[in-house]
Amino acid sequence: MNILFFLTPKSEVAYVEENDSLRQVLEKMEHHGYAAVPLLSSGGKYIGTITEGDVLWRLKKEGFPELHEMEEISVMEMIRNRDNKPVHINVDMEGLMERIMKQNFVPVVDDDKVFIGIVTRKDAVQYLVDELKKIKTASTAAEKVQMAVHTRNQMAGKYK
């Protein structure tokens, strides 16, 4: 199975760029209700992840500045405590699942490390739940075994 099946494309992902200010980061996270967002270079390459904790620690360090003062603080001045590690677009399902167990979302990059989107833990788990439901609704034991083997093979990348 190809991870593109799970991919939320860049055009649908809330992210911040290296030239953004702390205020822009805070407003984007608040608007979308996210606890973490990808950080991209102006050329679209994945740099890392900005989390609520990163923002909070920076606000504390700055003495909890007024909103207009946050416009002068660059996102690149923030200390990032937890960057979500990206995967290459051609990663196998096992590699994706290993990463997604430790991260709420996994950034996906191409050969040039350009950010193309994310895979969320929710989407990956939903896929597994749907496959489990299919197995449970199979009428015979033989069908259940066949469906379980098929799902395992999909996850192992034996079908493309």
# chains A, B, ... in the order shown; residues from 1 in each chain; ligands from 1
$ select_by_dssp --residues "range 40-91 of chain A" --states "helix (DSSP H, G or I)" --output "MDAnalysis selection string"
chainID A and resid 52:61 67:72 75:77
$ write_last_selection --atoms "N, CA and C atoms" --output "mmCIF file, in the first residue's frame"
data_model
loop_
_atom_site.group_PDB
_atom_site.id
_atom_site.type_symbol
_atom_site.label_atom_id
_atom_site.label_comp_id
_atom_site.auth_asym_id
_atom_site.auth_seq_id
_atom_site.Cartn_x
_atom_site.Cartn_y
_atom_site.Cartn_z
ATOM 1 N N GLU A 52 2.805 23.933 20.756
ATOM 2 C CA GLU A 52 2.286 24.872 21.748
ATOM 3 C C GLU A 52 3.311 25.113 22.849
ATOM 4 N N GLY A 53 3.998 24.064 23.250
ATOM 5 C CA GLY A 53 5.013 24.184 24.290
ATOM 6 C C GLY A 53 6.144 25.110 23.874
ATOM 7 N N ASP A 54 6.569 25.005 22.605
ATOM 8 C CA ASP A 54 7.617 25.897 22.089
ATOM 9 C C ASP A 54 7.166 27.351 22.192
ATOM 10 N N VAL A 55 5.905 27.596 21.809
ATOM 11 C CA VAL A 55 5.352 28.951 21.858
ATOM 12 C C VAL A 55 5.274 29.434 23.305
ATOM 13 N N LEU A 56 4.773 28.581 24.172
ATOM 14 C CA LEU A 56 4.613 28.970 25.579
ATOM 15 C C LEU A 56 5.950 29.320 26.220
ATOM 16 N N TRP A 57 6.974 28.485 25.987
ATOM 17 C CA TRP A 57 8.281 28.764 26.569
ATOM 18 C C TRP A 57 8.872 30.060 26.030
ATOM 19 N N ARG A 58 8.646 30.335 24.747
ATOM 20 C CA ARG A 58 9.153 31.590 24.177
ATOM 21 C C ARG A 58 8.415 32.797 24.774
ATOM 22 N N LEU A 59 7.098 32.648 24.935
ATOM 23 C CA LEU A 59 6.322 33.734 25.557
ATOM 24 C C LEU A 59 6.817 34.004 26.970
ATOM 25 N N LYS A 60 7.091 32.942 27.720
ATOM 26 C CA LYS A 60 7.601 33.096 29.082
ATOM 27 C C LYS A 60 8.950 33.813 29.073
ATOM 28 N N LYS A 61 9.822 33.378 28.168
ATOM 29 C CA LYS A 61 11.154 33.978 28.081
ATOM 30 C C LYS A 61 11.072 35.472 27.770
ATOM 31 N N LEU A 67 0.548 41.397 21.974
ATOM 32 C CA LEU A 67 0.403 40.795 20.656
ATOM 33 C C LEU A 67 1.237 41.522 19.600
ATOM 34 N N HIS A 68 1.204 42.850 19.603
ATOM 35 C CA HIS A 68 1.955 43.602 18.585
ATOM 36 C C HIS A 68 3.467 43.424 18.759
ATOM 37 N N GLU A 69 3.934 43.165 19.971
ATOM 38 C CA GLU A 69 5.363 42.932 20.207
ATOM 39 C C GLU A 69 5.810 41.577 19.648
ATOM 40 N N MET A 70 4.881 40.630 19.564
ATOM 41 C CA MET A 70 5.200 39.302 19.037
ATOM 42 C C MET A 70 5.523 39.336 17.551
ATOM 43 N N GLU A 71 5.126 40.421 16.879
ATOM 44 C CA GLU A 71 5.411 40.555 15.451
ATOM 45 C C GLU A 71 6.907 40.714 15.198
ATOM 46 N N GLU A 72 7.654 41.114 16.227
ATOM 47 C CA GLU A 72 9.093 41.333 16.093
ATOM 48 C C GLU A 72 9.918 40.089 16.417
ATOM 49 N N VAL A 75 9.940 33.258 14.121
ATOM 50 C CA VAL A 75 9.722 31.852 14.448
ATOM 51 C C VAL A 75 11.056 31.102 14.523
ATOM 52 N N MET A 76 12.038 31.565 13.776
ATOM 53 C CA MET A 76 13.335 30.903 13.758
ATOM 54 C C MET A 76 14.140 31.165 15.029
ATOM 55 N N GLU A 77 13.706 32.128 15.841
ATOM 56 C CA GLU A 77 14.358 32.395 17.121
ATOM 57 C C GLU A 77 13.852 31.463 18.219
#
$ atom_distance --atom1 "CA of Val109 in chain A" --atom2 "CA of Asp123 in chain A"
17.9 Å
$ closest_residue --among "A:His32, A:Arg152, A:Lys10, A:Arg23" --to "Pro65 in chain A" --atoms "only C-alpha atoms"
A:Arg23
$ select_by_dssp --residues "range 18-126 of chain A" --states "strand (DSSP E or B)" --output "JSON, numbers by chain"
{"A": [21, 36, 37, 38, 39, 40, 45, 46, 47, 48, 49, 50, 51, 74, 87, 88, 105, 106, 107, 108, 109, 114, 115, 116, 117, 118, 119, 120]}
$ closest_residue --among "A:Ser74, A:Thr51, A:Thr120, A:Ser42" --to "Asp20 in chain A" --atoms "only C-alpha atoms"
A:Ser74
$ atom_distance --atom1 "CA of Ile50 in chain A" --atom2 "CA of Ala36 in chain A"
5.5 Å
$ residues_around --residues "range 104-108 of chain A" --least-positions-apart "5" --cutoff "9 Å" --atoms "only C-alpha atoms" --output "number ranges by chain"
A: 7, 36, 38, 46, 48, 84-89, 96, 99, 113-122
$ closest_residue --among "A:Leu132, A:Val16, A:Ile73, A:Ala142" --to "Lys45 in chain A" --atoms "only C-alpha atoms"
A:Val16
$ atom_distance --atom1 "CA of Gly63 in chain A" --atom2 "CA of Glu30 in chain A"
20.1 Å
$ closest_residue --among "A:Leu22, A:Leu40, A:Val125, A:Val91" --to "Phe64 in chain A" --atoms "only C-alpha atoms"
A:Leu22
$ closest_residue --among "A:Val37, A:Ala141, A:Ala14, A:Met93" --to "Gln154 in chain A" --atoms "only C-alpha atoms"
A:Met93
$ residues_around --residues "Ala124 in chain A" --least-positions-apart "4" --cutoff "9 Å" --atoms "only C-alpha atoms" --output "ChimeraX atom specification"
/A:6,97,100,119-120,128-129
